[in-house]
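Colleague: Supplied structure: final12.csv, CSV, C-alpha atoms.
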chain,number,residue,atom,x,y,z
A,263,MET,CA,-0.1,66.8,111.7
A,264,THR,CA,0.3,63.1,112.4
A,265,LYS,CA,2.0,61.2,115.1
A,266,PRO,CA,4.9,58.8,114.4
A,267,ALA,CA,3.5,55.3,113.6
A,268,ALA,CA,6.3,53.1,115.0
A,269,ILE,CA,7.4,53.2,118.7
A,270,VAL,CA,10.6,55.2,118.8
A,271,THR,CA,13.4,53.6,120.8
A,272,ARG,CA,16.6,54.4,118.7
A,273,LEU,CA,17.9,57.9,118.9
A,274,ALA,CA,20.9,59.8,117.5
A,275,PHE,CA,22.1,63.0,119.2
A,276,VAL,CA,23.7,65.9,117.4
A,277,ALA,CA,24.7,69.2,118.9
A,278,SER,CA,25.9,72.7,117.9
A,279,ASP,CA,29.3,73.9,119.0
A,280,ARG,CA,27.9,75.8,122.0
A,281,PRO,CA,29.3,74.3,125.2
A,282,GLU,CA,25.8,73.8,126.7
A,283,ALA,CA,24.7,71.9,123.6
A,284,GLU,CA,27.7,69.6,123.7
A,285,GLU,CA,27.3,68.9,127.4
A,286,ALA,CA,23.6,68.1,126.8
A,287,ARG,CA,24.5,65.7,124.0
A,288,GLU,CA,26.9,63.8,126.2
A,289,ARG,CA,24.4,63.5,129.1
A,290,LEU,CA,21.5,62.5,126.9
A,291,ALA,CA,23.6,60.0,124.9
A,292,ALA,CA,24.7,58.3,128.1
A,293,ARG,CA,21.2,58.1,129.4
A,294,TYR,CA,19.2,57.1,126.3
A,295,GLY,CA,22.0,55.6,124.1
A,296,ASP,CA,23.2,56.9,120.7
A,297,VAL,CA,22.8,54.5,117.8
A,298,GLY,CA,24.3,56.8,115.2
A,299,GLN,CA,22.4,58.6,112.5
A,300,ALA,CA,22.3,55.7,110.0
A,301,GLN,CA,20.3,53.5,112.4
A,302,ALA,CA,18.3,56.2,114.2
A,303,GLN,CA,14.5,56.4,114.0
A,304,VAL,CA,14.7,60.1,115.2
A,305,ILE,CA,17.6,62.5,115.3
A,306,VAL,CA,17.6,64.8,118.3
A,307,ALA,CA,19.2,68.2,117.5
A,308,LEU,CA,20.5,70.3,120.4
A,309,GLY,CA,21.1,74.0,119.7
A,310,GLY,CA,19.1,76.9,118.3
A,311,ASP,CA,17.1,77.6,115.2
A,312,GLY,CA,20.2,78.0,113.1
A,313,PHE,CA,21.5,74.5,114.1
A,314,MET,CA,18.0,73.0,113.3
A,315,LEU,CA,18.3,74.4,109.8
A,316,GLU,CA,21.8,73.0,109.4
A,317,THR,CA,20.6,69.6,110.6
A,318,LEU,CA,17.6,69.6,108.2
A,319,HIS,CA,19.9,70.6,105.3
A,320,ARG,CA,22.3,67.7,106.1
A,321,HIS,CA,19.4,65.3,105.9
A,322,ILE,CA,17.5,67.0,103.1
A,323,GLN,CA,17.6,64.1,100.7
A,324,ALA,CA,16.7,61.3,103.1
A,325,GLY,CA,16.7,60.9,106.8
A,326,PRO,CA,14.6,60.3,109.9
A,327,PRO,CA,12.4,63.0,111.5
A,328,ILE,CA,14.3,65.7,113.5
A,329,TYR,CA,13.3,66.5,117.1
A,330,GLY,CA,15.0,69.7,118.3
A,331,MET,CA,15.6,70.8,121.9
A,332,ASN,CA,16.6,74.4,122.6
A,333,ARG,CA,20.2,74.8,123.7
A,334,GLY,CA,20.6,78.0,121.7
A,335,SER,CA,19.0,81.5,121.8
A,336,VAL,CA,15.7,81.9,119.9
A,337,GLY,CA,14.5,78.3,119.6
A,338,PHE,CA,11.3,78.9,117.7
A,339,LEU,CA,11.8,75.7,115.8
A,340,MET,CA,12.9,73.8,118.9
A,341,ASN,CA,11.2,72.1,121.8
A,342,ASP,CA,11.9,73.0,125.4
A,343,TYR,CA,14.9,71.4,126.9
A,344,SER,CA,14.4,68.6,129.4
A,345,GLU,CA,16.4,65.4,130.0
A,346,ASP,CA,13.5,63.6,131.6
A,347,GLY,CA,10.9,61.5,129.7
A,348,LEU,CA,12.5,62.1,126.3
A,349,LEU,CA,11.3,58.9,124.6
A,350,GLU,CA,7.7,59.5,125.9
A,351,ARG,CA,7.8,63.0,124.5
A,352,ILE,CA,9.0,61.9,121.1
A,353,ASN,CA,6.5,59.1,120.8
A,354,ALA,CA,3.7,61.5,121.7
A,355,ALA,CA,5.0,64.3,119.4
A,356,GLU,CA,3.3,65.7,116.4
A,357,ARG,CA,4.9,65.7,112.9
A,358,ALA,CA,5.2,68.8,110.7
A,359,ILE,CA,6.1,68.2,107.0
A,360,ILE,CA,7.7,71.1,105.2
A,361,HIS,CA,8.9,71.6,101.6
A,362,PRO,CA,11.9,73.7,100.7
A,363,LEU,CA,12.4,76.2,97.9
A,364,ARG,CA,14.8,75.4,95.1
A,365,MET,CA,16.8,78.4,93.9
A,366,ARG,CA,18.6,78.7,90.6
A,367,ALA,CA,20.9,81.7,90.4
A,368,GLN,CA,22.8,82.9,87.4
A,369,THR,CA,25.8,85.2,87.9
A,370,GLU,CA,27.3,88.0,85.6
A,371,SER,CA,30.0,85.5,84.6
A,372,GLY,CA,27.4,83.0,83.4
A,373,GLU,CA,27.8,80.5,86.3
A,374,VAL,CA,24.6,78.8,87.5
A,375,HIS,CA,24.2,77.8,91.1
A,376,GLU,CA,21.4,75.8,92.7
A,377,ALA,CA,20.5,75.5,96.3
A,378,LEU,CA,17.6,74.6,98.6
A,379,ALA,CA,16.1,76.9,101.2
A,380,ILE,CA,14.0,75.8,104.1
A,381,ASN,CA,13.2,79.3,105.4
A,382,GLU,CA,13.6,81.7,102.5
A,383,VAL,CA,15.5,82.9,99.4
A,384,SER,CA,16.6,86.5,99.8
A,385,LEU,CA,18.0,89.0,97.3
A,386,LEU,CA,20.2,91.6,98.9
A,387,ARG,CA,22.0,94.7,97.6
A,388,GLN,CA,25.8,94.4,97.9
A,389,THR,CA,26.7,98.1,97.9
A,390,ARG,CA,25.4,101.5,98.9
A,391,GLN,CA,23.3,101.5,95.7
A,392,THR,CA,19.7,100.3,96.0
A,393,ALA,CA,18.8,97.1,94.2
A,394,LYS,CA,16.6,97.4,91.1
A,395,LEU,CA,14.6,94.3,90.5
A,396,ARG,CA,12.0,93.1,88.0
A,397,ILE,CA,9.7,90.4,89.4
A,398,SER,CA,7.8,87.8,87.3
A,399,ILE,CA,5.4,85.2,88.4
A,400,ASP,CA,4.8,82.1,86.2
A,401,GLY,CA,6.5,84.0,83.3
A,402,LYS,CA,4.4,87.2,83.6
A,403,VAL,CA,6.0,90.4,84.7
A,404,ARG,CA,4.1,91.6,87.8
A,405,LEU,CA,6.4,94.4,88.9
A,406,GLY,CA,8.6,96.0,86.3
A,407,GLU,CA,10.8,97.9,88.7
A,408,LEU,CA,11.3,97.6,92.4
A,409,PHE,CA,13.9,99.9,94.0
A,410,CYS,CA,14.8,98.3,97.4
A,411,ASP,CA,17.4,96.9,99.7
A,412,GLY,CA,16.2,93.5,98.5
A,413,ALA,CA,13.3,91.1,98.4
A,414,LEU,CA,12.6,87.6,99.7
A,415,VAL,CA,10.4,84.6,99.2
A,416,ALA,CA,9.6,82.7,102.3
A,417,THR,CA,8.0,79.3,103.0
A,418,PRO,CA,5.3,79.0,105.6
A,419,ALA,CA,7.9,77.5,108.0
A,420,GLY,CA,10.2,80.4,107.4
A,421,SER,CA,7.5,83.1,107.5
A,422,THR,CA,8.2,83.9,111.2
A,423,ALA,CA,11.9,84.4,110.6
A,424,TYR,CA,13.5,87.1,108.3
A,425,ASN,CA,10.2,87.5,106.5
A,426,LEU,CA,8.5,88.6,109.7
A,427,SER,CA,11.3,91.0,110.5
A,428,ALA,CA,10.8,92.6,107.0
A,429,HIS,CA,7.1,93.1,107.9
A,430,GLY,CA,6.0,90.1,105.8
A,431,PRO,CA,2.9,88.0,106.7
A,432,ILE,CA,2.9,85.0,109.0
A,433,ILE,CA,1.7,82.0,107.0
A,434,PRO,CA,0.0,78.9,108.5
A,435,LEU,CA,1.7,75.7,107.5
A,436,ASP,CA,-1.2,74.3,105.7
A,437,ALA,CA,-2.0,77.5,103.8
A,438,ARG,CA,-0.2,76.4,100.6
A,439,VAL,CA,1.1,79.9,99.9
A,440,LEU,CA,4.5,81.6,99.8
A,441,ALA,CA,5.3,85.1,101.0
A,442,LEU,CA,6.9,87.6,98.6
A,443,THR,CA,8.2,90.4,100.7
A,444,PRO,CA,10.2,93.5,99.8
A,445,ILE,CA,13.0,94.6,102.1
A,446,SER,CA,13.0,98.4,102.6
A,447,ALA,CA,11.2,99.2,99.4
A,448,PHE,CA,11.9,102.7,98.1
A,449,ARG,CA,9.8,102.7,94.9
A,450,PRO,CA,7.0,101.8,94.7
A,451,ARG,CA,7.1,102.9,98.3
A,452,ARG,CA,3.6,101.6,99.2
A,453,TRP,CA,4.1,98.1,97.9
A,454,ARG,CA,4.0,95.6,100.8
A,455,GLY,CA,4.5,92.4,98.9
A,456,ALA,CA,2.2,89.5,97.9
A,457,LEU,CA,1.0,86.1,98.8
A,458,LEU,CA,1.6,83.6,96.1
A,459,PRO,CA,0.2,80.1,95.5
A,460,HIS,CA,2.7,77.5,96.5
A,461,THR,CA,2.9,76.3,92.9
A,462,ALA,CA,4.2,79.7,91.7
A,463,LYS,CA,7.4,80.0,89.7
A,464,VAL,CA,9.1,83.3,90.8
A,465,THR,CA,11.8,85.0,88.7
A,466,PHE,CA,13.9,88.0,89.8
A,467,GLU,CA,15.8,89.9,87.1
A,468,ILE,CA,18.5,92.3,88.4
A,469,LEU,CA,18.4,95.5,86.4
A,470,GLU,CA,21.5,97.6,86.1
A,471,ALA,CA,23.4,94.7,87.7
A,472,ASP,CA,26.8,96.2,87.0
A,473,LYS,CA,25.9,99.4,88.9
A,474,ARG,CA,23.6,97.8,91.5
A,475,PRO,CA,25.1,94.4,92.3
A,476,VAL,CA,22.9,91.9,94.2
A,477,SER,CA,23.5,88.7,96.0
A,478,ALA,CA,21.1,85.8,96.4
A,479,VAL,CA,21.0,83.8,99.6
A,480,ALA,CA,19.2,80.5,100.1
A,481,ASP,CA,19.1,80.1,103.9
A,482,ASN,CA,22.9,80.2,104.5
A,483,PHE,CA,24.2,79.6,100.9
A,484,GLU,CA,25.1,82.9,99.1
A,485,VAL,CA,25.7,83.6,95.5
A,486,ARG,CA,27.1,87.1,94.7
A,487,ARG,CA,26.6,89.4,91.7
A,488,VAL,CA,23.6,87.5,90.3
A,489,ILE,CA,21.7,88.7,87.3
A,490,ARG,CA,18.7,86.3,87.5
A,491,VAL,CA,17.2,84.1,90.2
A,492,ASP,CA,14.5,81.5,89.6
A,493,LEU,CA,12.8,79.7,92.4
A,494,ALA,CA,9.9,77.5,93.2
A,495,GLU,CA,8.8,75.1,95.9
A,496,ASP,CA,10.2,71.6,95.6
A,497,ARG,CA,7.3,69.3,96.5
A,498,GLU,CA,9.3,66.2,95.9
A,499,ILE,CA,11.4,66.9,99.0
A,500,SER,CA,9.6,66.5,102.4
A,501,LEU,CA,11.3,67.2,105.7
A,502,ALA,CA,9.8,66.0,108.9
A,503,MET,CA,10.1,67.9,112.2
A,504,LEU,CA,8.7,66.6,115.6
A,505,PHE,CA,7.1,68.9,118.2
A,506,ASP,CA,5.8,68.2,121.6
A,507,ALA,CA,2.0,67.5,121.8
A,508,GLY,CA,0.1,70.7,122.2
A,509,ARG,CA,3.2,72.8,121.1
A,510,SER,CA,3.1,71.9,117.3
A,511,LEU,CA,4.7,74.2,114.7
A,512,GLU,CA,1.2,75.1,113.5
A,513,GLU,CA,0.3,76.2,117.0
A,514,ARG,CA,3.5,78.3,117.3
A,515,VAL,CA,2.9,80.0,114.0
A,516,LEU,CA,-0.7,80.8,115.0
A,517,ALA,CA,0.3,82.1,118.4
A,518,GLU,CA,3.0,84.3,116.9
A,519,GLN,CA,0.3,86.3,115.1
A,520,PHE,CA,-1.1,87.4,118.5
A,521,SER,CA,2.2,88.1,120.3
A,522,ALA,CA,3.0,91.6,121.3
Take the structure in this file and express it as structure tokens.

Modeller:
Amino acid sequence: MTKPAAIVTRLAFVASDRPEAEEARERLAARYGDVGQAQAQVIVALGGDGFMLETLHRHIQAGPPIYGMNRGSVGFLMNDYSEDGLLERINAAERAIIHPLRMRAQTESGEVHEALAINEVSLLRQTRQTAKLRISIDGKVRLGELFCDGALVATPAGSTAYNLSAHGPIIPLDARVLALTPISAFRPRRWRGALLPHTAKVTFEILEADKRPVSAVADNFEVRRVIRVDLAEDREISLAMLFDAGRSLEERVLAEQFSA
């Protein structure tokens, strides 16, 4: 974690389509000014975690840091909402740098789709039939057959989202590992997943794909009837998020491990 070097004075405000988020954007823009995203030193995102992910994806190639304020529901990736002292909060904020996963998914028809995932890449069964997956790490088969509802690979930033709901581990941001987590594993029933080095190249092969169709989802981008999915962390892309001092993303991830 590092603090922004330059004094921040130029903000751009974006909001989800929730009425409370739109109303907050109008009030904050009138109070602090809105220079537009091209000239902004920081983008202030108003909404929930889903909107934060949307905002990060829109600026995934290049853009200023994102400072979120919760005008949604969960808000794990957001700061508390307050209209007072916003510039002071942003200038004292701590910066979290995250790297997305790059997914390459091949379909039965031979099409190849690529997408980036900030939280996780999930493989999910499409019908009543369980999925049947073969999992390889860096070209070596590690699990020849996994019968399951699906499986996912999560980044540290995404480890408290779907991964946690699937009973995967919470990962500190600086741990340099990825979580490989099964979703309702049927066989081998006792397999609980694995922690992988962040440099790992993960390959999922879908077995009996015609009988057991599977979709691949990178955050909110879905590819249906896949036969093979390759993914790895893309270290060439760095996304910056800002959190209030003392309430950093690292602190939230640590605290989540002790929550009831």

Colleague: Would you compute the distance between CA of Arg452 in chain A and CA of Cys410 in chain A? Give it in Å to one decimal.

Modeller: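 Between CA of Arg452 in chain A and CA of Cys410 in chain A the gap works out to 11.8 Å.
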
Colleague: List as a VMD selection string the protein and nucleic acid residues near range 341-356 of chain A, meaning an atom at most 12 Å away when all atoms listed in the file are counted, but skip any in the same chain fewer than 6 places from it.

Modeller: chain A and resid 263 to 275 282 to 283 285 to 295 303 to 311 314 327 to 335 502 to 514

Colleague: Those residues with C-alpha atoms, as a compact mmCIF listing (two decimals), in the coordinates of the input please?

Modeller:
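Result written to result.txt:
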# COMPACT_ATOMS: atom_id res chain seq x y z
CA MET A 263 -0.10 66.80 111.70
CA THR A 264 0.30 63.10 112.40
CA LYS A 265 2.00 61.20 115.10
CA PRO A 266 4.90 58.80 114.40
CA ALA A 267 3.50 55.30 113.60
CA ALA A 268 6.30 53.10 115.00
CA ILE A 269 7.40 53.20 118.70
CA VAL A 270 10.60 55.20 118.80
CA THR A 271 13.40 53.60 120.80
CA ARG A 272 16.60 54.40 118.70
CA LEU A 273 17.90 57.90 118.90
CA ALA A 274 20.90 59.80 117.50
CA PHE A 275 22.10 63.00 119.20
CA GLU A 282 25.80 73.80 126.70
CA ALA A 283 24.70 71.90 123.60
CA GLU A 285 27.30 68.90 127.40
CA ALA A 286 23.60 68.10 126.80
CA ARG A 287 24.50 65.70 124.00
CA GLU A 288 26.90 63.80 126.20
CA ARG A 289 24.40 63.50 129.10
CA LEU A 290 21.50 62.50 126.90
CA ALA A 291 23.60 60.00 124.90
CA ALA A 292 24.70 58.30 128.10
CA ARG A 293 21.20 58.10 129.40
CA TYR A 294 19.20 57.10 126.30
CA GLY A 295 22.00 55.60 124.10
CA GLN A 303 14.50 56.40 114.00
CA VAL A 304 14.70 60.10 115.20
CA ILE A 305 17.60 62.50 115.30
CA VAL A 306 17.60 64.80 118.30
CA ALA A 307 19.20 68.20 117.50
CA LEU A 308 20.50 70.30 120.40
CA GLY A 309 21.10 74.00 119.70
CA GLY A 310 19.10 76.90 118.30
CA ASP A 311 17.10 77.60 115.20
CA MET A 314 18.00 73.00 113.30
CA PRO A 327 12.40 63.00 111.50
CA ILE A 328 14.30 65.70 113.50
CA TYR A 329 13.30 66.50 117.10
CA GLY A 330 15.00 69.70 118.30
CA MET A 331 15.60 70.80 121.90
CA ASN A 332 16.60 74.40 122.60
CA ARG A 333 20.20 74.80 123.70
CA GLY A 334 20.60 78.00 121.70
CA SER A 335 19.00 81.50 121.80
CA ALA A 502 9.80 66.00 108.90
CA MET A 503 10.10 67.90 112.20
CA LEU A 504 8.70 66.60 115.60
CA PHE A 505 7.10 68.90 118.20
CA ASP A 506 5.80 68.20 121.60
CA ALA A 507 2.00 67.50 121.80
CA GLY A 508 0.10 70.70 122.20
CA ARG A 509 3.20 72.80 121.10
CA SER A 510 3.10 71.90 117.30
CA LEU A 511 4.70 74.20 114.70
CA GLU A 512 1.20 75.10 113.50
CA GLU A 513 0.30 76.20 117.00
CA ARG A 514 3.50 78.30 117.30

Colleague: Can you measure CA of Ala462 in chain A to CA of Asn425 in chain A for me? One decimal in Å is fine.

Modeller: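 Between CA of Ala462 in chain A and CA of Asn425 in chain A the gap is 17.8 Å.
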
Colleague: For Leu435 in chain A, which residue among A:Ala324, A:Ala419, A:Met340, A:Ala456 is the nearest when counting all atoms listed in the file?

Modeller: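 The closest residue to Leu435 in chain A is A:Ala419.
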
Colleague: Rounded to one decimal place, report the CA of Ile380 in chain A-CA of Pro362 in chain A distance in Å.

Modeller: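 CA of Pro362 in chain A lies 4.5 Å from CA of Ile380 in chain A.
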
Colleague: For Val479 in chain A, find every residue with an atom within 7 Å (counting all atoms listed in the file), except residues of its own chain fewer than 4 positions away, and show them as a list in words.

Modeller: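 Here the qualifying residues turn out to be Val383, Ser384, Leu385, Phe483, Glu484 and Val485 of chain A.
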
Colleague: Given all atoms listed in the file as the basis, pick out the residue of A:Ser500, A:Gln519, A:Leu493, A:Val476 nearest to Gly325 in chain A.

Modeller: A:Ser500

Colleague: Please check which residues have atoms at most 8 Å from (2.6, 84.0, 107.5) in the file's coordinates, counting all atoms listed in the file, and write them as a ChimeraX atom specification.

Modeller: /A:418,421-422,426,430-434,441,515

Colleague: Scan for residues within 6 Å of the point (11.4, 80.2, 114.6) in the coordinates of the file, using only C-alpha atoms, and reply as a ChimeraX atom specification.

Modeller: /A:338-339,422-423

Colleague: Point out the residue among A:Ser446, A:Gln299, A:Gln391, A:Thr417 with the least atom-to-atom distance to Pro459 in chain A, counting all atoms listed in the file.

Modeller: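 Of A:Ser446, A:Gln299, A:Gln391, A:Thr417, the one nearest Pro459 in chain A, counting all atoms listed in the file, is A:Thr417.
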
Colleague: Just want the 12 Å neighbourhood of Ala471 in chain A, counted on only C-alpha atoms, with same-chain residues fewer than 4 positions away dropped. Output as a list in words.

Modeller: Gln368, Thr369, Glu370, Ser371, Arg387, Gln388, Thr389, Gln391, Thr392, Ala393, Lys394, Leu395, Arg396, Phe466, Glu467, Pro475, Val476, Ser477, Arg486, Arg487, Val488, Ile489 and Arg490 of chain A

Colleague: Have a look at A:His361, A:Ala447, A:Val491, A:Leu405 and name the one nearest to His460 in chain A; count all atoms listed in the file.

Modeller: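 Of A:His361, A:Ala447, A:Val491, A:Leu405, the one nearest His460 in chain A, counting all atoms listed in the file, is A:His361.
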